[in-house]
Structures are given as structure tokens and as C-alpha cells.
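Worksheet: one structure, shown below.
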Amino acid sequence: MEERRQNVRVRPAPDSAVAVVMIFGERRVPLSIIDVSIGGFGFLLGLQPLAVEQEIDLEIAIPGRPTFSGRARIRHVGSGSGGDMGGLQLLDLSDEHASWLRGYVADLLERGLMR
């Protein structure tokens, strides 16, 4: 099977986890993040139904940085060895927020947490 990922993935460390919350109007749904890249996140699916190509609003908290808002597109949903999972692609990150995410991924890579 050909690898389709464009960016290296890292596992969030328990002592340095990124927090991502999906926002649906007044409803906020925290995601359980299983991998992070500079282009998006892999997550365990909860009870919120999601469709491929659906765009969602997010709040993202990277350790040591202020929480910021973003937008993402659901790239895939399905089952894997860890249960029901999904992947999302970040859309239109500011240069500053992209830099924060690159630094976070680089830190986890240095710690050997490649996925």
C-alpha cells in the first residue's frame, strides 16, 4: 500500500499533550488526539457523527502557547487497530500558529515520539 501522508506524524506525550476541541455552534466536543503533524491531527472518534470533507471549527491549545481558533477538513473516518479513528487537515493556519505547531512536532520528534 502506498503511503499518502505528506507530513511526519508524532505521538503526543502525556506530559505535553495538544488539546483540540471541535466547535458546533454552542456545542464543544474535545478530541482525543492520537497523532500530530504540521498539517493536521489524527483522533479517536467519539459520538459526534462526522463526514469526509466536512469542514469544522476548532480551538487548539499547544503546550506553552495561547489557545487559538482554526478551521479543518475531515480527511478520513474509519476503523483501525485502536478503534474508530479520523483524520483532519488544518486549513489556513496563520504563519505564527503554523510555527507553533512545527515547533511542537519538532520537540516530540527530538524526544523520539514518531508515530
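Residue names in the C-alpha cells use chain letters A, B, ... in the order shown, residue numbers from 1 in each chain, and ligand numbers from 1 in the order shown.
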Backbone-only DSSP, strand (DSSP E or B) members of region 2-96 of chain A, as a VMD selection string: chain A and resid 10 13 16 19 to 24 27 to 36 40 to 44 55 to 61 68 to 80 83 to 91
Could you pull the residues within 12 Å of Val8 (chain A), counting only C-alpha atoms, minus those fewer than 4 positions along the same chain, as a count of residues only? 18
Run DSSP on the backbone of this structure and report the residues of region 43-108 of chain A it assigns to helix (DSSP H, G or I), as an NGL selection string. :A and (95-108)
Excluding Ser16 (chain A) and its own-chain neighbours fewer than 5 positions away, which residues fall within 10 Å of it when counting only C-alpha atoms? Please give them as a list in words.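 The residues satisfying every condition are Ile62, Pro63, Gly64, Tyr104, Asp107 and Leu108 of chain A.
Across A:Arg65, A:Arg27, A:Arg9, A:Arg71, the tightest approach to Gln48 (chain A) is made by A:Arg27 when counting only C-alpha atoms.
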Leaving out Gly86 (chain A) and any residue of its chain fewer than 4 positions from it, which residues lie within 9 Å of it when counting only C-alpha atoms, given as an MDAnalysis selection string? chainID A and resid 41:45 50 74:79
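Candidate residues A:Ala61, A:Leu31, A:Leu101, A:Arg111 were compared for distance to Leu88 (chain A), and the nearest is A:Leu31, using only C-alpha atoms.
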Which of A:Val21, A:Leu93, A:Ile60, A:Val10 sits closest to Ile34 (chain A) [using only C-alpha atoms]: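 Of A:Val21, A:Leu93, A:Ile60, A:Val10, the one nearest Ile34 (chain A), counting only C-alpha atoms, is A:Val10.
Distance annotation: of A:Ile23, A:Ala17, A:Phe68, A:Val29, the residue with the minimal separation from Glu55 (chain A) is A:Ile23; atom set is only C-alpha atoms.
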What gap, in Å, lies between CA of Asp84 (chain A) and CA of Pro30 (chain A)? 15.4 Å
